[in-house]
file coords.csv (CSV, C-alpha atoms)
chain,number,residue,atom,x,y,z
A,1,MET,CA,-24.4,10.6,9.9
A,2,GLU,CA,-25.7,13.9,8.6
A,3,ALA,CA,-29.3,14.1,7.3
A,4,ASN,CA,-28.2,14.4,3.7
A,5,GLY,CA,-26.2,11.2,3.8
A,6,LEU,CA,-22.9,13.1,3.5
A,7,GLY,CA,-20.1,12.6,5.9
A,8,PRO,CA,-17.4,15.1,6.8
A,9,GLN,CA,-15.9,17.1,3.9
A,10,GLY,CA,-19.1,16.6,2.0
A,11,PHE,CA,-18.2,13.0,0.9
A,12,PRO,CA,-20.7,10.2,0.9
A,13,GLU,CA,-21.0,8.4,4.2
A,14,LEU,CA,-18.8,5.3,4.5
A,15,LYS,CA,-20.8,2.0,4.4
A,16,ASN,CA,-18.0,-0.5,4.9
A,17,ASP,CA,-15.3,0.6,7.4
A,18,THR,CA,-13.9,-2.9,8.0
A,19,PHE,CA,-10.5,-2.1,6.5
A,20,LEU,CA,-10.2,1.1,8.6
A,21,ARG,CA,-11.2,-0.6,11.8
A,22,ALA,CA,-8.6,-3.3,11.3
A,23,ALA,CA,-6.0,-0.7,10.5
A,24,TRP,CA,-6.7,1.1,13.8
A,25,GLY,CA,-6.6,-2.2,15.7
A,26,GLU,CA,-10.3,-2.4,16.3
A,27,GLU,CA,-12.3,-5.7,16.2
A,28,THR,CA,-13.8,-6.7,12.9
A,29,ASP,CA,-16.5,-9.2,11.9
A,30,TYR,CA,-14.3,-10.6,9.2
A,31,THR,CA,-10.8,-10.0,7.7
A,32,PRO,CA,-10.7,-7.1,5.2
A,33,VAL,CA,-8.8,-7.7,2.0
A,34,TRP,CA,-7.4,-5.6,-0.9
A,35,CYS,CA,-4.6,-6.3,-3.3
A,36,MET,CA,-1.5,-4.2,-4.2
A,37,ARG,CA,-1.8,-3.3,-7.9
A,38,GLN,CA,-5.5,-4.4,-7.9
A,39,ALA,CA,-6.0,-1.7,-10.6
A,40,GLY,CA,-3.7,-3.4,-13.1
A,41,ARG,CA,-2.9,-5.1,-16.4
A,42,TYR,CA,-4.3,-8.4,-15.3
A,43,LEU,CA,-7.8,-6.9,-16.0
A,44,PRO,CA,-8.8,-6.9,-19.7
A,45,GLU,CA,-10.8,-3.7,-19.1
A,46,PHE,CA,-7.7,-2.0,-17.7
A,47,ARG,CA,-5.6,-3.0,-20.8
A,48,GLU,CA,-8.4,-1.7,-23.0
A,49,ALA,CA,-8.6,1.7,-21.1
A,50,ARG,CA,-4.9,2.1,-21.0
A,51,ALA,CA,-4.3,1.3,-24.7
A,52,ALA,CA,-5.3,4.8,-25.7
A,53,GLN,CA,-2.6,6.8,-23.8
A,54,ASP,CA,0.8,6.5,-22.3
A,55,PHE,CA,1.3,5.9,-18.6
A,56,PHE,CA,2.0,9.5,-17.4
A,57,SER,CA,-0.8,10.9,-19.6
A,58,THR,CA,-3.2,8.5,-17.8
A,59,CYS,CA,-1.8,9.8,-14.4
A,60,ARG,CA,-2.5,13.3,-15.6
A,61,SER,CA,-6.2,12.6,-16.2
A,62,PRO,CA,-8.3,12.5,-13.0
A,63,GLU,CA,-11.1,10.9,-15.0
A,64,ALA,CA,-8.8,8.1,-16.2
A,65,CYS,CA,-7.3,7.5,-12.8
A,66,CYS,CA,-10.8,7.3,-11.3
A,67,GLU,CA,-12.0,4.8,-13.9
A,68,LEU,CA,-9.0,2.6,-13.4
A,69,THR,CA,-9.2,2.8,-9.6
A,70,LEU,CA,-12.9,1.6,-9.6
A,71,GLN,CA,-12.5,-1.2,-12.1
A,72,PRO,CA,-11.5,-4.0,-9.7
A,73,LEU,CA,-14.3,-3.0,-7.4
A,74,HIS,CA,-16.8,-3.7,-10.1
A,75,ARG,CA,-15.5,-7.2,-10.2
A,76,PHE,CA,-14.5,-8.1,-6.7
A,77,PRO,CA,-15.9,-7.4,-3.2
A,78,LEU,CA,-12.7,-5.7,-2.1
A,79,ASP,CA,-12.6,-3.8,1.2
A,80,ALA,CA,-10.6,-0.9,0.0
A,81,ALA,CA,-9.7,1.0,-3.1
A,82,ILE,CA,-6.2,2.3,-3.8
A,83,ILE,CA,-5.9,5.3,-6.1
A,84,PHE,CA,-4.4,4.5,-9.5
A,85,SER,CA,-1.1,6.4,-9.7
A,86,ASP,CA,2.6,5.6,-9.5
A,87,ILE,CA,5.3,6.1,-6.9
A,88,LEU,CA,7.3,8.2,-9.5
A,89,VAL,CA,4.6,10.8,-9.6
A,90,VAL,CA,6.4,13.0,-7.0
A,91,PRO,CA,9.6,13.4,-9.1
A,92,GLN,CA,7.3,14.1,-12.0
A,93,ALA,CA,5.6,16.8,-9.8
A,94,LEU,CA,2.1,15.6,-10.8
A,95,GLY,CA,0.7,15.9,-7.3
A,96,MET,CA,-2.1,18.2,-8.4
A,97,GLU,CA,-3.7,15.8,-10.8
A,98,VAL,CA,-3.5,12.9,-8.3
A,99,THR,CA,-5.4,14.9,-5.6
A,100,MET,CA,-8.0,15.8,-8.1
A,101,ALA,CA,-8.4,12.1,-9.0
A,102,ILE,CA,-8.7,11.3,-5.3
A,103,THR,CA,-11.6,13.7,-4.8
A,104,LEU,CA,-13.4,12.5,-7.9
A,105,THR,CA,-12.9,8.8,-7.0
A,106,ARG,CA,-14.0,9.3,-3.4
A,107,GLN,CA,-17.3,10.8,-4.7
A,108,ARG,CA,-17.8,8.0,-7.2
A,109,LEU,CA,-17.1,5.3,-4.6
A,110,ALA,CA,-20.3,6.6,-2.9
A,111,GLY,CA,-19.1,5.3,0.5
A,112,ARG,CA,-18.7,1.7,-0.7
A,113,VAL,CA,-15.2,1.2,0.7
A,114,PRO,CA,-12.4,3.5,2.0
A,115,LEU,CA,-9.9,5.0,-0.5
A,116,ILE,CA,-6.1,4.6,0.1
A,117,GLY,CA,-3.6,7.1,-1.1
A,118,PHE,CA,0.1,6.3,-1.4
A,119,ALA,CA,3.6,7.4,-2.2
A,120,GLY,CA,7.0,5.9,-2.6
A,121,ALA,CA,9.4,6.3,0.3
A,122,PRO,CA,12.5,8.6,0.0
A,123,TRP,CA,15.1,5.8,-0.5
A,124,THR,CA,12.9,4.1,-3.2
A,125,LEU,CA,12.4,7.3,-5.0
A,126,MET,CA,16.1,8.1,-4.8
A,127,THR,CA,17.0,4.7,-6.4
A,128,TYR,CA,14.8,5.5,-9.5
A,129,MET,CA,16.2,9.0,-9.8
A,130,ILE,CA,19.8,7.8,-9.7
A,131,GLU,CA,19.4,4.5,-11.6
A,132,GLY,CA,17.1,6.1,-14.2
A,133,GLY,CA,14.9,3.0,-14.0
A,134,SER,CA,14.7,-0.4,-12.3
A,135,SER,CA,17.9,-2.3,-11.4
A,136,SER,CA,18.6,-5.7,-10.0
A,137,THR,CA,21.4,-4.4,-7.7
A,138,MET,CA,20.7,-0.7,-7.2
A,139,ALA,CA,24.5,-0.4,-7.4
A,140,GLN,CA,24.6,3.2,-8.7
A,141,ALA,CA,22.2,4.4,-6.0
A,142,LYS,CA,24.1,2.5,-3.3
A,143,ARG,CA,27.4,3.9,-4.6
A,144,TRP,CA,26.0,7.3,-3.7
A,145,LEU,CA,25.4,6.1,-0.1
A,146,TYR,CA,29.0,5.0,0.3
A,147,GLN,CA,30.8,7.7,-1.7
A,148,ARG,CA,28.5,10.7,-1.2
A,149,PRO,CA,26.7,10.2,2.1
A,150,LYS,CA,26.1,13.9,2.7
A,151,ALA,CA,24.6,14.4,-0.8
A,152,SER,CA,22.5,11.3,-0.3
A,153,HIS,CA,21.1,12.7,2.9
A,154,GLN,CA,20.5,16.0,1.2
A,155,LEU,CA,18.5,14.3,-1.6
A,156,LEU,CA,16.6,12.2,0.9
A,157,ARG,CA,15.6,15.3,2.8
A,158,ILE,CA,14.5,17.0,-0.3
A,159,LEU,CA,12.3,14.0,-1.2
A,160,THR,CA,10.9,13.9,2.4
A,161,ASP,CA,10.1,17.6,2.2
A,162,ALA,CA,8.2,16.9,-1.1
A,163,LEU,CA,6.4,13.8,0.2
A,164,VAL,CA,4.9,15.3,3.3
A,165,PRO,CA,2.7,17.9,1.7
A,166,TYR,CA,1.9,15.4,-1.2
A,167,LEU,CA,0.6,12.9,1.3
A,168,VAL,CA,-1.3,15.5,3.4
A,169,GLY,CA,-2.8,16.8,0.1
A,170,GLN,CA,-4.1,13.3,-0.6
A,171,VAL,CA,-5.9,13.3,2.7
A,172,VAL,CA,-7.3,16.8,2.2
A,173,ALA,CA,-8.5,15.5,-1.2
A,174,GLY,CA,-10.3,12.5,0.4
A,175,ALA,CA,-7.8,9.7,1.0
A,176,GLN,CA,-8.9,7.7,4.1
A,177,ALA,CA,-5.6,5.9,4.6
A,178,LEU,CA,-2.0,6.2,3.3
A,179,GLN,CA,0.5,3.6,2.3
A,180,LEU,CA,4.2,4.3,2.0
A,181,PHE,CA,6.1,1.9,-0.4
A,182,GLU,CA,9.7,1.3,0.5
A,183,SER,CA,9.9,-1.1,-2.5
A,184,HIS,CA,13.7,-1.3,-2.5
A,185,ALA,CA,14.3,-1.9,1.2
A,186,GLY,CA,15.9,-5.3,0.4
A,187,HIS,CA,18.8,-3.8,-1.4
A,188,LEU,CA,20.0,-2.2,1.8
A,189,GLY,CA,21.3,-4.3,4.7
A,190,PRO,CA,20.4,-3.4,8.3
A,191,GLN,CA,23.1,-0.8,8.6
A,192,LEU,CA,22.3,1.2,5.4
A,193,PHE,CA,18.6,0.8,6.0
A,194,ASN,CA,18.9,2.2,9.6
A,195,LYS,CA,21.0,5.1,8.3
A,196,PHE,CA,19.4,6.1,4.9
A,197,ALA,CA,15.9,4.7,4.9
A,198,LEU,CA,14.4,4.3,8.4
A,199,PRO,CA,15.0,7.9,9.6
A,200,TYR,CA,13.0,9.3,6.6
A,201,ILE,CA,10.3,6.7,6.9
A,202,ARG,CA,9.8,7.8,10.5
A,203,GLU,CA,9.9,11.5,9.6
A,204,VAL,CA,7.3,11.1,6.9
A,205,ALA,CA,4.8,9.5,9.4
A,206,LYS,CA,5.6,12.1,12.2
A,207,ARG,CA,5.3,15.1,9.9
A,208,VAL,CA,2.2,13.9,8.0
A,209,LYS,CA,0.4,13.3,11.4
A,210,ALA,CA,1.5,16.7,12.8
A,211,ARG,CA,0.4,18.5,9.6
A,212,LEU,CA,-3.0,16.8,9.6
A,213,GLN,CA,-3.5,17.8,13.3
A,214,GLU,CA,-2.5,21.4,12.6
A,215,ALA,CA,-5.0,21.5,9.7
A,216,GLY,CA,-7.7,20.2,12.1
A,217,LEU,CA,-8.2,17.1,10.0
A,218,ALA,CA,-9.0,13.7,11.5
A,219,PRO,CA,-6.0,11.3,11.6
A,220,VAL,CA,-5.8,8.5,9.0
A,221,PRO,CA,-4.1,5.1,9.5
A,222,MET,CA,-0.7,4.9,7.8
A,223,ILE,CA,0.8,1.7,6.3
A,224,ILE,CA,4.5,1.1,5.8
A,225,PHE,CA,5.4,-1.6,3.3
A,226,ALA,CA,9.1,-2.2,3.1
A,227,LYS,CA,9.6,-5.1,0.6
A,228,ASP,CA,12.3,-7.6,1.7
A,229,GLY,CA,12.8,-5.4,4.8
A,230,HIS,CA,12.3,-8.4,7.2
A,231,PHE,CA,15.5,-7.5,9.0
A,232,ALA,CA,13.9,-4.3,10.2
A,233,LEU,CA,10.4,-5.5,11.4
A,234,GLU,CA,10.9,-4.3,15.0
A,235,GLU,CA,12.0,-0.9,13.9
A,236,LEU,CA,9.2,-0.5,11.3
A,237,ALA,CA,6.6,-1.5,14.0
A,238,GLN,CA,7.9,1.5,16.0
A,239,ALA,CA,8.2,3.9,13.1
A,240,GLY,CA,4.9,5.7,13.7
A,241,TYR,CA,2.7,3.6,11.4
A,242,GLU,CA,-0.5,1.8,12.4
A,243,VAL,CA,0.0,-1.0,9.9
A,244,VAL,CA,3.1,-2.9,8.8
A,245,GLY,CA,2.9,-4.6,5.4
A,246,LEU,CA,4.7,-7.9,5.0
A,247,ASP,CA,6.0,-9.6,1.8
A,248,TRP,CA,5.7,-13.4,1.4
A,249,THR,CA,9.3,-14.2,2.7
A,250,VAL,CA,8.1,-13.5,6.3
A,251,THR,CA,6.4,-16.1,8.5
A,252,PRO,CA,3.2,-14.5,10.0
A,253,GLU,CA,3.7,-16.0,13.5
A,254,LYS,CA,7.3,-14.9,13.7
A,255,ALA,CA,6.4,-11.4,12.4
A,256,ARG,CA,3.7,-11.1,15.1
A,257,GLU,CA,6.1,-12.2,17.8
A,258,ARG,CA,8.6,-9.6,16.7
A,259,VAL,CA,6.2,-6.6,16.3
A,260,GLY,CA,4.0,-7.3,19.3
A,261,LYS,CA,0.3,-6.4,19.4
A,262,SER,CA,0.6,-2.6,19.0
A,263,VAL,CA,0.4,-2.7,15.2
A,264,THR,CA,-1.8,-4.3,12.6
A,265,LEU,CA,-0.1,-6.6,10.1
A,266,GLN,CA,-1.0,-6.7,6.3
A,267,GLY,CA,-0.1,-9.3,3.8
A,268,ASN,CA,1.3,-11.6,2.7
A,269,LEU,CA,0.3,-14.3,0.3
A,270,ASP,CA,2.9,-15.0,-2.4
A,271,PRO,CA,1.4,-13.4,-5.5
A,272,CYS,CA,2.5,-16.4,-7.6
A,273,ALA,CA,0.1,-18.5,-5.4
A,274,LEU,CA,-2.6,-17.1,-7.6
A,275,TYR,CA,-1.3,-19.3,-10.5
A,276,ALA,CA,-2.5,-22.3,-8.4
A,277,SER,CA,-5.9,-23.8,-8.8
A,278,GLU,CA,-8.8,-22.0,-7.0
A,279,GLU,CA,-9.1,-24.9,-4.6
A,280,GLU,CA,-5.4,-24.6,-3.7
A,281,ILE,CA,-5.8,-20.8,-3.3
A,282,GLY,CA,-8.5,-21.5,-0.8
A,283,ARG,CA,-6.3,-23.8,1.1
A,284,LEU,CA,-3.4,-21.4,1.1
A,285,VAL,CA,-5.6,-18.5,2.3
A,286,GLN,CA,-6.9,-20.7,5.1
A,287,GLN,CA,-3.4,-21.4,6.3
A,288,MET,CA,-2.5,-17.7,6.0
A,289,LEU,CA,-5.5,-16.6,8.1
A,290,ASP,CA,-4.8,-19.3,10.7
A,291,ASP,CA,-1.2,-18.1,11.0
A,292,PHE,CA,-2.1,-14.4,11.3
A,293,GLY,CA,-5.1,-14.8,13.5
A,294,PRO,CA,-8.5,-13.1,13.3
A,295,GLN,CA,-7.7,-9.6,14.6
A,296,ARG,CA,-5.3,-6.7,13.9
A,297,TYR,CA,-4.9,-8.1,10.4
A,298,ILE,CA,-5.6,-7.0,6.8
A,299,ALA,CA,-5.2,-9.7,4.1
A,300,ASN,CA,-3.3,-8.8,1.0
A,301,LEU,CA,-0.6,-10.3,-1.2
A,302,GLY,CA,3.1,-10.0,-0.4
A,303,HIS,CA,3.6,-7.8,-3.5
A,304,GLY,CA,1.5,-6.5,-6.4
A,305,LEU,CA,-0.6,-8.6,-8.8
A,306,TYR,CA,1.3,-9.6,-12.0
A,307,PRO,CA,-0.1,-8.8,-15.5
A,308,ASP,CA,-0.6,-12.4,-16.6
A,309,MET,CA,-2.8,-13.4,-13.6
A,310,ASP,CA,-6.3,-14.7,-14.0
A,311,PRO,CA,-8.9,-12.3,-12.6
A,312,GLU,CA,-11.0,-15.4,-11.6
A,313,HIS,CA,-8.2,-16.4,-9.3
A,314,VAL,CA,-8.0,-12.9,-7.8
A,315,GLY,CA,-11.7,-13.3,-7.1
A,316,ALA,CA,-11.1,-16.7,-5.5
A,317,PHE,CA,-8.5,-15.1,-3.2
A,318,VAL,CA,-10.8,-12.3,-2.1
A,319,ASP,CA,-13.8,-14.7,-1.6
A,320,ALA,CA,-11.7,-17.2,0.4
A,321,VAL,CA,-10.5,-14.5,2.8
A,322,HIS,CA,-14.0,-13.3,3.5
A,323,LYS,CA,-15.4,-16.8,3.8
A,324,TYR,CA,-12.7,-18.4,5.9
A,325,SER,CA,-12.2,-15.4,8.2
A,326,ARG,CA,-15.9,-15.6,9.2
A,327,VAL,CA,-15.5,-19.3,9.9
A,328,LEU,CA,-12.3,-18.6,12.0
A,329,ARG,CA,-14.2,-16.1,14.2
A,330,ARG,CA,-16.9,-18.8,15.0
A,331,LYS,CA,-14.2,-21.2,16.3

call {"tool": "encode", "arguments": {"input": "coords.csv", "output": "structure tokens"}}
result
Amino acid sequence: MEANGLGPQGFPELKNDTFLRAAWGEETDYTPVWCMRQAGRYLPEFREARAAQDFFSTCRSPEACCELTLQPLHRFPLDAAIIFSDILVVPQALGMEVTMAITLTRQRLAGRVPLIGFAGAPWTLMTYMIEGGSSSTMAQAKRWLYQRPKASHQLLRILTDALVPYLVGQVVAGAQALQLFESHAGHLGPQLFNKFALPYIREVAKRVKARLQEAGLAPVPMIIFAKDGHFALEELAQAGYEVVGLDWTVTPEKARERVGKSVTLQGNLDPCALYASEEEIGRLVQQMLDDFGPQRYIANLGHGLYPDMDPEHVGAFVDAVHKYSRVLRRK
């Protein structure tokens, strides 16, 4: 640590590196935990802050992004913060404001926990661009894959080319880990996934790491979360990411068998489990931690928090992970 308490790049020295240690596969004293969509509408203070402006206006304001990112950390002893933004920010070409928000947030975090940056993966971004919104089937986007495969690859390459500097820029701005969201993996079977999603997922990791090295920056752990992509776990484990995120449809023991010990797993409590009583949440967390084991593991939900969830139950989830994971290590 430097004498002034500042780490590299002039940011405050990190006090809790448990999440980063787990991501790199190092031993930890307890299981780190964070929640996808932890800065979200389930928090009354989030709803209040967001009432004043529309979504993309919020994304354009580094100050607003920073405030929303920090809100859950004022309530819960989470082990990581994730920048408040949206996976559609790349098509919106708002990268600049996001990086400014990351630098501001990293300063305001004062080294409390690491800050995660993120982006949507090429296939997921392509679905939104073609569908013009969400869809239960992604039929229009998939039609492109079947009818216009060359154009599809062209678009996926354009998106990959935009994502790489965007993610590198987040690290330059202060992000200490990166998560790539392939939210619509489940709409592709194994064949389409291997052809139109996996090559670009691999390329993003490879190129981001190469660019960081070229820039003389320290590597950051990268997480791939391919929702409903359980058919591609082995491939995802070898795609160049340190962490593979799991949704709740995957059994932890089977996932570990399939991916081996070379990657950290993240997940995977069913978000709807937070509708259960606090006692039941504790029991479910205990089972989840038993199944994943104490090391090479980051606790999370199998998807993002829903707007109608009780913040008290989110707190019960976080506390149960911390409490039981310490008990587990004493066994």

call {"tool": "atom_distance", "arguments": {"input": "coords.csv", "atom1": "atom CA of Pro122 of chain A", "atom2": "atom CA of His187 of chain A"}}
result
14.0 Å

call {"tool": "atom_distance", "arguments": {"input": "coords.csv", "atom1": "atom CA of Pro252 of chain A", "atom2": "atom CA of Phe292 of chain A"}}
result
5.5 Å

call {"tool": "residues_around", "arguments": {"input": "coords.csv", "residues": "Gly293 of chain A", "least_positions_apart": "4", "cutoff": "10 Å", "atoms": "all atoms listed in the file", "output": "list in words"}}
result
Thr31, Pro252, Glu253, Arg256, Gln287, Met288, Leu289, Tyr297, Ser325, Leu328 and Arg329 of chain A

call {"tool": "closest_residue", "arguments": {"input": "coords.csv", "among": "A:Tyr241, A:Trp123, A:Tyr128, A:Tyr275", "to": "Ala197 of chain A", "atoms": "only C-alpha atoms"}}
result
A:Trp123

call {"tool": "closest_residue", "arguments": {"input": "coords.csv", "among": "A:Leu125, A:Val220, A:Leu269, A:Ile130", "to": "His184 of chain A", "atoms": "all atoms listed in the file"}}
result
A:Leu125

call {"tool": "closest_residue", "arguments": {"input": "coords.csv", "among": "A:Tyr42, A:Phe11, A:Phe118, A:Phe76", "to": "Gly304 of chain A", "atoms": "all atoms listed in the file"}}
result
A:Tyr42

call {"tool": "residues_around", "arguments": {"input": "coords.csv", "residues": "Glu67 of chain A", "least_positions_apart": "4", "cutoff": "12 Å", "atoms": "only C-alpha atoms", "output": "list in words"}}
result
Ala39, Gly40, Glu45, Phe46, Glu48, Ala49, Arg50, Thr58, Cys59, Ser61, Pro62, Glu63, Gln71, Pro72, Leu73, His74, Ala81, Ile82, Ile83, Phe84, Ser85, Ala101, Ile102, Leu104, Thr105, Arg106, Arg108 and Leu109 of chain A

call {"tool": "residues_around", "arguments": {"input": "coords.csv", "residues": "Leu284 of chain A", "least_positions_apart": "6", "cutoff": "12 Å", "atoms": "all atoms listed in the file", "output": "list in words"}}
result
Asn268, Leu269, Asp270, Pro271, Cys272, Ala273, Leu274, Tyr275, Ala276, Ser277, Glu278, Asp290, Asp291, Leu301, Ala316, Phe317, Ala320, Val321 and Tyr324 of chain A

call {"tool": "closest_residue", "arguments": {"input": "coords.csv", "among": "A:Val285, A:Met222, A:Ile201, A:Leu236", "to": "Gly117 of chain A", "atoms": "only C-alpha atoms"}}
result
A:Met222

call {"tool": "closest_residue", "arguments": {"input": "coords.csv", "among": "A:Ala173, A:Ile281, A:Leu233, A:Val244", "to": "Gln266 of chain A", "atoms": "all atoms listed in the file"}}
result
A:Val244

call {"tool": "closest_residue", "arguments": {"input": "coords.csv", "among": "A:Val168, A:Leu14, A:Gln238, A:Pro190", "to": "Ala215 of chain A", "atoms": "all atoms listed in the file"}}
result
A:Val168

call {"tool": "atom_distance", "arguments": {"input": "coords.csv", "atom1": "atom CA of Asp79 of chain A", "atom2": "atom CA of Thr28 of chain A"}}
result
12.1 Å

call {"tool": "residues_around", "arguments": {"input": "coords.csv", "residues": "Leu159 of chain A", "least_positions_apart": "3", "cutoff": "9 Å", "atoms": "only C-alpha atoms", "output": "CSV table (one decimal) with C-alpha atoms, keeping the file's coordinate frame"}}
result
chain,number,residue,atom,x,y,z
A,90,VAL,CA,6.4,13.0,-7.0
A,91,PRO,CA,9.6,13.4,-9.1
A,121,ALA,CA,9.4,6.3,0.3
A,122,PRO,CA,12.5,8.6,0.0
A,123,TRP,CA,15.1,5.8,-0.5
A,125,LEU,CA,12.4,7.3,-5.0
A,126,MET,CA,16.1,8.1,-4.8
A,154,GLN,CA,20.5,16.0,1.2
A,155,LEU,CA,18.5,14.3,-1.6
A,156,LEU,CA,16.6,12.2,0.9
A,162,ALA,CA,8.2,16.9,-1.1
A,163,LEU,CA,6.4,13.8,0.2
A,164,VAL,CA,4.9,15.3,3.3

call {"tool": "residues_around", "arguments": {"input": "coords.csv", "residues": "Pro32 of chain A", "least_positions_apart": "4", "cutoff": "8 Å", "atoms": "all atoms listed in the file", "output": "list in words"}}
result
Thr18, Phe19, Ala22, Leu78, Asp79, Tyr297, Ile298, Ala299, Val321 and His322 of chain A
